[in-house]
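Everything on this sheet refers to the single structure shown next.
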Amino acid sequence: MGLQNKVALVSGGSRGIGREIVLSLAKRGAYVGFTYLSNGEAAKQVEEEAKGLEGKVKAFQVDIRDREQVKKMVEEVVGIWGTLDIIVNNAGISKDKTLPFMDIEEWKSVLETNVFGAFYLTQAAAFYLLKKKKGRIINISSVSGINGIPGQTNYSTSKAGLIGFTRSLAKEVARYGISVNAVAPGGVETDMFRALSEKQKDSLLKNVPMGRMCMPEEVARVVVFLSDDDMSPDYLTGSTIVLDGGMGS
């Protein structure tokens, strides 16, 4: 059966990694709801690109930092498609600055989006997975949360938090047939990477044995694997798959 007629929710799905995840799931027959914050044009483009695919795609304008908005959206998705099977916590932002000069809002906004957002979406959706005693939860972390990157104490903290969230939640819900895993890419060729300074880009690349950035579709392929009952065993849970081109080897 694979992903045919499975219902997935992806946070932050209008561009970058999230966009590739949404389209990759839909190509395999999943019904995919995704959130976006403000770029309605990008969200419409994803919906248009998904037309003709085996699955279906629907965008929801939601501030992932707003618990009530998230709960309402989850209820709406279940109302449309009847169930939930897969949760992908992808929404994330970065506001890089060295710690002594970091504004409190630069700290809070990253944690509120990257960690609180994952909590709100997972908690709202978890009851549906628990009820059916089946489901997949996938959190998009980063090698920044494993190795740390200078100028990213807020981002590294949030991504390390997602790894801890993954490990703990996996133990809580394993008995209910729900697997929880994380994907930790290195530098990915997205708008977030392109916004880095040349010095930061060079610093990232010189430590990557493959000599290139990870592509968004490569992250999406791992997410598809973790989402698919036919490919990924239930026994695989609580793990973080590092996708870094050999950087950590």
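Each chain in the structure tokens gets a letter, A, B, ..., in the order shown, and its residues are numbered from 1; ligands are numbered from 1 in order too.
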From a DSSP calculation on the backbone, collect every residue of chain A in alpha helix (DSSP H) and output the set as a PyMOL selection string.
-> chain A and resi 16-27+40-50+67-81+104-111+117-132+144-147+153-173+191-194+198-205+216-227
Shell around stretch 63-66 of chain A at 12 Å using only C-alpha atoms, local window under 2 positions removed, as a PDB file with N, CA and C atoms, in the first residue's frame:
ATOM      1  N   VAL A  10       2.424  18.616   6.719  1.00  0.00           N
ATOM      2  CA  VAL A  10       3.804  19.104   6.663  1.00  0.00           C
ATOM      3  C   VAL A  10       3.807  20.576   7.041  1.00  0.00           C
ATOM      4  N   SER A  11       4.554  20.948   8.059  1.00  0.00           N
ATOM      5  CA  SER A  11       4.647  22.368   8.409  1.00  0.00           C
ATOM      6  C   SER A  11       5.733  23.020   7.566  1.00  0.00           C
ATOM      7  N   GLY A  12       5.460  24.243   7.138  1.00  0.00           N
ATOM      8  CA  GLY A  12       6.433  24.963   6.326  1.00  0.00           C
ATOM      9  C   GLY A  12       6.655  24.313   4.977  1.00  0.00           C
ATOM     10  N   GLY A  13       5.594  24.170   4.191  1.00  0.00           N
ATOM     11  CA  GLY A  13       5.697  23.407   2.954  1.00  0.00           C
ATOM     12  C   GLY A  13       5.689  24.207   1.668  1.00  0.00           C
ATOM     13  N   PHE A  34      -0.323  21.248   3.950  1.00  0.00           N
ATOM     14  CA  PHE A  34       0.911  21.910   4.394  1.00  0.00           C
ATOM     15  C   PHE A  34       0.628  23.329   4.847  1.00  0.00           C
ATOM     16  N   THR A  35       1.433  23.802   5.758  1.00  0.00           N
ATOM     17  CA  THR A  35       1.273  25.154   6.281  1.00  0.00           C
ATOM     18  C   THR A  35       2.235  26.112   5.592  1.00  0.00           C
ATOM     19  N   TYR A  36       1.799  27.365   5.537  1.00  0.00           N
ATOM     20  CA  TYR A  36       2.683  28.459   5.134  1.00  0.00           C
ATOM     21  C   TYR A  36       2.300  29.662   5.967  1.00  0.00           C
ATOM     22  N   LEU A  37       3.244  30.563   6.153  1.00  0.00           N
ATOM     23  CA  LEU A  37       2.992  31.712   7.017  1.00  0.00           C
ATOM     24  C   LEU A  37       2.450  32.911   6.247  1.00  0.00           C
ATOM     25  N   SER A  38       3.133  33.333   5.170  1.00  0.00           N
ATOM     26  CA  SER A  38       2.733  34.568   4.511  1.00  0.00           C
ATOM     27  C   SER A  38       2.860  34.557   2.987  1.00  0.00           C
ATOM     28  N   ASN A  39       3.656  33.660   2.444  1.00  0.00           N
ATOM     29  CA  ASN A  39       3.900  33.663   1.003  1.00  0.00           C
ATOM     30  C   ASN A  39       2.826  32.861   0.268  1.00  0.00           C
ATOM     31  N   PHE A  60      -2.548  25.564   3.837  1.00  0.00           N
ATOM     32  CA  PHE A  60      -3.239  26.202   4.955  1.00  0.00           C
ATOM     33  C   PHE A  60      -2.363  27.335   5.487  1.00  0.00           C
ATOM     34  N   GLN A  61      -2.914  28.550   5.494  1.00  0.00           N
ATOM     35  CA  GLN A  61      -2.152  29.666   6.049  1.00  0.00           C
ATOM     36  C   GLN A  61      -2.272  29.623   7.565  1.00  0.00           C
ATOM     37  N   GLU A  68      -3.674  27.758  18.819  1.00  0.00           N
ATOM     38  CA  GLU A  68      -5.074  27.629  18.423  1.00  0.00           C
ATOM     39  C   GLU A  68      -5.217  27.509  16.908  1.00  0.00           C
ATOM     40  N   GLN A  69      -4.428  28.266  16.167  1.00  0.00           N
ATOM     41  CA  GLN A  69      -4.452  28.147  14.714  1.00  0.00           C
ATOM     42  C   GLN A  69      -4.056  26.738  14.280  1.00  0.00           C
ATOM     43  N   VAL A  70      -3.052  26.193  14.934  1.00  0.00           N
ATOM     44  CA  VAL A  70      -2.574  24.849  14.587  1.00  0.00           C
ATOM     45  C   VAL A  70      -3.661  23.813  14.877  1.00  0.00           C
ATOM     46  N   LYS A  71      -4.286  23.893  16.044  1.00  0.00           N
ATOM     47  CA  LYS A  71      -5.346  22.942  16.407  1.00  0.00           C
ATOM     48  C   LYS A  71      -6.503  23.004  15.403  1.00  0.00           C
ATOM     49  N   LYS A  72      -6.893  24.203  15.039  1.00  0.00           N
ATOM     50  CA  LYS A  72      -7.995  24.378  14.092  1.00  0.00           C
ATOM     51  C   LYS A  72      -7.639  23.764  12.741  1.00  0.00           C
ATOM     52  N   MET A  73      -6.401  23.958  12.297  1.00  0.00           N
ATOM     53  CA  MET A  73      -5.963  23.416  11.010  1.00  0.00           C
ATOM     54  C   MET A  73      -5.949  21.892  11.022  1.00  0.00           C
ATOM     55  N   VAL A  74      -5.472  21.294  12.115  1.00  0.00           N
ATOM     56  CA  VAL A  74      -5.464  19.833  12.228  1.00  0.00           C
ATOM     57  C   VAL A  74      -6.886  19.290  12.147  1.00  0.00           C
ATOM     58  N   ASN A  89       7.382  17.746  10.896  1.00  0.00           N
ATOM     59  CA  ASN A  89       7.690  19.049  11.497  1.00  0.00           C
ATOM     60  C   ASN A  89       8.901  19.637  10.788  1.00  0.00           C
ATOM     61  N   ASN A  90       8.605  20.470   9.789  1.00  0.00           N
ATOM     62  CA  ASN A  90       9.668  21.037   8.968  1.00  0.00           C
ATOM     63  C   ASN A  90       9.827  22.541   9.153  1.00  0.00           C
ATOM     64  N   ALA A  91       8.769  23.234   9.561  1.00  0.00           N
ATOM     65  CA  ALA A  91       8.823  24.699   9.643  1.00  0.00           C
ATOM     66  C   ALA A  91       9.997  25.139  10.509  1.00  0.00           C
ATOM     67  N   GLY A  92      10.779  26.053   9.969  1.00  0.00           N
ATOM     68  CA  GLY A  92      11.937  26.519  10.728  1.00  0.00           C
ATOM     69  C   GLY A  92      12.475  27.822  10.173  1.00  0.00           C
ATOM     70  N   ILE A  93      13.061  28.614  11.051  1.00  0.00           N
ATOM     71  CA  ILE A  93      13.708  29.855  10.645  1.00  0.00           C
ATOM     72  C   ILE A  93      15.071  29.943  11.320  1.00  0.00           C
ATOM     73  N   LYS A 108      14.012  34.240  20.813  1.00  0.00           N
ATOM     74  CA  LYS A 108      12.662  33.724  21.028  1.00  0.00           C
ATOM     75  C   LYS A 108      11.993  33.263  19.734  1.00  0.00           C
ATOM     76  N   SER A 109      12.108  34.053  18.681  1.00  0.00           N
ATOM     77  CA  SER A 109      11.388  33.733  17.453  1.00  0.00           C
ATOM     78  C   SER A 109      11.856  32.414  16.851  1.00  0.00           C
ATOM     79  N   VAL A 110      13.147  32.126  16.946  1.00  0.00           N
ATOM     80  CA  VAL A 110      13.675  30.864  16.418  1.00  0.00           C
ATOM     81  C   VAL A 110      13.173  29.686  17.248  1.00  0.00           C
ATOM     82  N   LEU A 111      13.219  29.820  18.564  1.00  0.00           N
ATOM     83  CA  LEU A 111      12.735  28.734  19.424  1.00  0.00           C
ATOM     84  C   LEU A 111      11.224  28.552  19.284  1.00  0.00           C
ATOM     85  N   GLU A 112      10.488  29.648  19.183  1.00  0.00           N
ATOM     86  CA  GLU A 112       9.028  29.553  19.073  1.00  0.00           C
ATOM     87  C   GLU A 112       8.608  28.874  17.773  1.00  0.00           C
ATOM     88  N   THR A 113       9.307  29.156  16.693  1.00  0.00           N
ATOM     89  CA  THR A 113       8.973  28.534  15.405  1.00  0.00           C
ATOM     90  C   THR A 113       9.461  27.096  15.341  1.00  0.00           C
ATOM     91  N   ASN A 114      10.736  26.893  15.641  1.00  0.00           N
ATOM     92  CA  ASN A 114      11.363  25.592  15.395  1.00  0.00           C
ATOM     93  C   ASN A 114      10.993  24.532  16.426  1.00  0.00           C
ATOM     94  N   VAL A 115      10.782  24.937  17.679  1.00  0.00           N
ATOM     95  CA  VAL A 115      10.501  23.964  18.740  1.00  0.00           C
ATOM     96  C   VAL A 115       9.041  24.013  19.177  1.00  0.00           C
ATOM     97  N   PHE A 116       8.555  25.193  19.537  1.00  0.00           N
ATOM     98  CA  PHE A 116       7.168  25.294  19.980  1.00  0.00           C
ATOM     99  C   PHE A 116       6.219  24.894  18.853  1.00  0.00           C
ATOM    100  N   GLY A 117       6.562  25.270  17.620  1.00  0.00           N
ATOM    101  CA  GLY A 117       5.733  24.893  16.490  1.00  0.00           C
ATOM    102  C   GLY A 117       5.607  23.392  16.345  1.00  0.00           C
ATOM    103  N   ALA A 118       6.734  22.692  16.523  1.00  0.00           N
ATOM    104  CA  ALA A 118       6.712  21.224  16.446  1.00  0.00           C
ATOM    105  C   ALA A 118       5.874  20.638  17.573  1.00  0.00           C
ATOM    106  N   PHE A 119       5.971  21.227  18.747  1.00  0.00           N
ATOM    107  CA  PHE A 119       5.166  20.765  19.883  1.00  0.00           C
ATOM    108  C   PHE A 119       3.680  20.949  19.600  1.00  0.00           C
ATOM    109  N   TYR A 120       3.289  22.136  19.129  1.00  0.00           N
ATOM    110  CA  TYR A 120       1.877  22.419  18.888  1.00  0.00           C
ATOM    111  C   TYR A 120       1.297  21.469  17.842  1.00  0.00           C
ATOM    112  N   LEU A 121       1.997  21.284  16.731  1.00  0.00           N
ATOM    113  CA  LEU A 121       1.478  20.439  15.667  1.00  0.00           C
ATOM    114  C   LEU A 121       1.430  18.979  16.093  1.00  0.00           C
ATOM    115  N   THR A 122       2.482  18.508  16.726  1.00  0.00           N
ATOM    116  CA  THR A 122       2.527  17.101  17.126  1.00  0.00           C
ATOM    117  C   THR A 122       1.479  16.795  18.180  1.00  0.00           C
ATOM    118  N   ALA A 124      -1.369  18.356  18.729  1.00  0.00           N
ATOM    119  CA  ALA A 124      -2.712  18.421  18.155  1.00  0.00           C
ATOM    120  C   ALA A 124      -3.013  17.195  17.296  1.00  0.00           C
TER     121      ALA A 124
END
Nearby residues (only C-alpha atoms) at most 10 Å from A:Val77, same-chain spacing under 3 positions excluded, as a list in words |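 So the residues in contact are Val7, Ala8, Leu9, Tyr31, Val32, Gly33, Phe34, Lys58, Phe60, Lys72, Met73, Val74, Ile80, Trp81, Gly82, Thr83 and Leu84 of chain A.
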Restricting the calculation to only C-alpha atoms, which member of A:Val180, A:Ala30, A:Met247, A:Ala195 is positioned closest to A:Arg212?
->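 Going through A:Val180, A:Ala30, A:Met247, A:Ala195 one by one, the smallest distance to A:Arg212 is for A:Met247.
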Have a look at A:Ala220, A:Ile178, A:Ile87, A:Ile140 and name the one nearest to A:Lys27; count only C-alpha atoms.
-> A:Ala220
Could you name the residues that touch stretch 232-244 of chain A at 10 Å or less, counting only C-alpha atoms, but leaving out those on the same chain fewer than 3 positions away, as JSON, numbers by chain?
-> {"A": [2, 134, 135, 136, 137, 138, 139, 140, 141, 142, 143, 146, 162, 163, 164, 165, 166, 167, 168, 169, 170, 171, 173, 174, 177, 178, 179, 180, 181, 182, 183, 184, 185, 186, 187, 188, 207, 208, 209, 210, 212, 213, 214, 218, 219, 222, 223, 224, 225, 226, 227, 228, 229, 247, 248, 249]}
Go through A:Gly145, A:Gly245, A:Gly29, A:Gly40 one by one, measure the shortest atom-to-atom distance of each to A:Leu53 using only C-alpha atoms, and give the residue with the smallest value.
-> A:Gly29
Would you kindly return, as a PyMOL selection string, each protein, DNA or RNA residue with an atom no farther than 10 Å from any atom of A:Gly52, considering only C-alpha atoms and excluding same-chain residues fewer than 4 positions away?
-> chain A and resi 26-27+48+56
Using backbone DSSP assignments, extract all strand (DSSP E) residues from stretch 34-179 of chain A; output them as a CSV table (one decimal) with N, CA, C and O atoms, in the first residue's frame.
chain,number,residue,atom,x,y,z
A,34,PHE,N,-0.3,21.2,3.9
A,34,PHE,CA,0.9,21.9,4.4
A,34,PHE,C,0.6,23.3,4.8
A,34,PHE,O,-0.3,24.0,4.4
A,35,THR,N,1.4,23.8,5.8
A,35,THR,CA,1.3,25.2,6.3
A,35,THR,C,2.2,26.1,5.6
A,35,THR,O,3.3,25.7,5.1
A,36,TYR,N,1.8,27.4,5.5
A,36,TYR,CA,2.7,28.5,5.1
A,36,TYR,C,2.3,29.7,6.0
A,36,TYR,O,1.2,29.8,6.4
A,56,LYS,N,-3.1,14.3,-3.4
A,56,LYS,CA,-3.7,15.6,-3.4
A,56,LYS,C,-3.0,16.5,-2.4
A,56,LYS,O,-2.4,16.1,-1.5
A,57,VAL,N,-3.0,17.8,-2.7
A,57,VAL,CA,-2.3,18.8,-1.9
A,57,VAL,C,-3.1,20.0,-1.6
A,57,VAL,O,-3.8,20.5,-2.5
A,58,LYS,N,-3.1,20.4,-0.3
A,58,LYS,CA,-3.9,21.6,0.1
A,58,LYS,C,-3.1,22.5,1.0
A,58,LYS,O,-2.5,21.9,2.0
A,59,ALA,N,-3.0,23.8,0.8
A,59,ALA,CA,-2.3,24.7,1.6
A,59,ALA,C,-3.2,25.3,2.7
A,59,ALA,O,-4.3,25.5,2.5
A,60,PHE,N,-2.5,25.6,3.8
A,60,PHE,CA,-3.2,26.2,5.0
A,60,PHE,C,-2.4,27.3,5.5
A,60,PHE,O,-1.2,27.1,5.9
A,61,GLN,N,-2.9,28.5,5.5
A,61,GLN,CA,-2.2,29.7,6.0
A,61,GLN,C,-2.3,29.6,7.6
A,61,GLN,O,-3.3,29.9,8.1
A,86,ILE,N,0.6,10.8,8.9
A,86,ILE,CA,2.0,11.3,8.9
A,86,ILE,C,2.1,12.7,9.3
A,86,ILE,O,1.4,13.6,8.8
A,87,ILE,N,3.0,13.0,10.2
A,87,ILE,CA,3.3,14.4,10.6
A,87,ILE,C,4.8,14.7,10.3
A,87,ILE,O,5.7,14.0,10.7
A,88,VAL,N,5.0,15.8,9.6
A,88,VAL,CA,6.4,16.2,9.3
A,88,VAL,C,6.6,17.6,9.9
A,88,VAL,O,6.0,18.6,9.4
A,89,ASN,N,7.4,17.7,10.9
A,89,ASN,CA,7.7,19.0,11.5
A,89,ASN,C,8.9,19.6,10.8
A,89,ASN,O,10.1,19.4,11.1
A,135,GLY,N,1.1,5.3,13.0
A,135,GLY,CA,1.5,6.7,12.5
A,135,GLY,C,3.0,6.9,12.4
A,135,GLY,O,3.8,6.1,13.0
A,136,ARG,N,3.4,7.9,11.7
A,136,ARG,CA,4.8,8.3,11.5
A,136,ARG,C,4.9,9.8,11.8
A,136,ARG,O,4.2,10.6,11.3
A,137,ILE,N,5.9,10.1,12.7
A,137,ILE,CA,6.2,11.5,13.0
A,137,ILE,C,7.7,11.7,12.6
A,137,ILE,O,8.5,10.9,13.1
A,138,ILE,N,7.9,12.7,11.8
A,138,ILE,CA,9.3,13.0,11.3
A,138,ILE,C,9.6,14.4,11.6
A,138,ILE,O,8.9,15.3,11.2
A,139,ASN,N,10.7,14.6,12.3
A,139,ASN,CA,11.1,16.0,12.6
A,139,ASN,C,12.4,16.4,11.9
A,139,ASN,O,13.4,15.6,11.8
A,140,ILE,N,12.4,17.5,11.2
A,140,ILE,CA,13.5,18.0,10.5
A,140,ILE,C,14.5,18.8,11.4
A,140,ILE,O,14.2,19.9,11.8
A,178,ILE,N,3.4,3.9,16.8
A,178,ILE,CA,3.8,5.2,16.2
A,178,ILE,C,5.3,5.3,16.3
A,178,ILE,O,5.9,5.1,17.3
A,179,SER,N,5.9,5.5,15.1
A,179,SER,CA,7.4,5.7,15.1
A,179,SER,C,7.7,7.2,15.0
A,179,SER,O,6.9,8.0,14.4
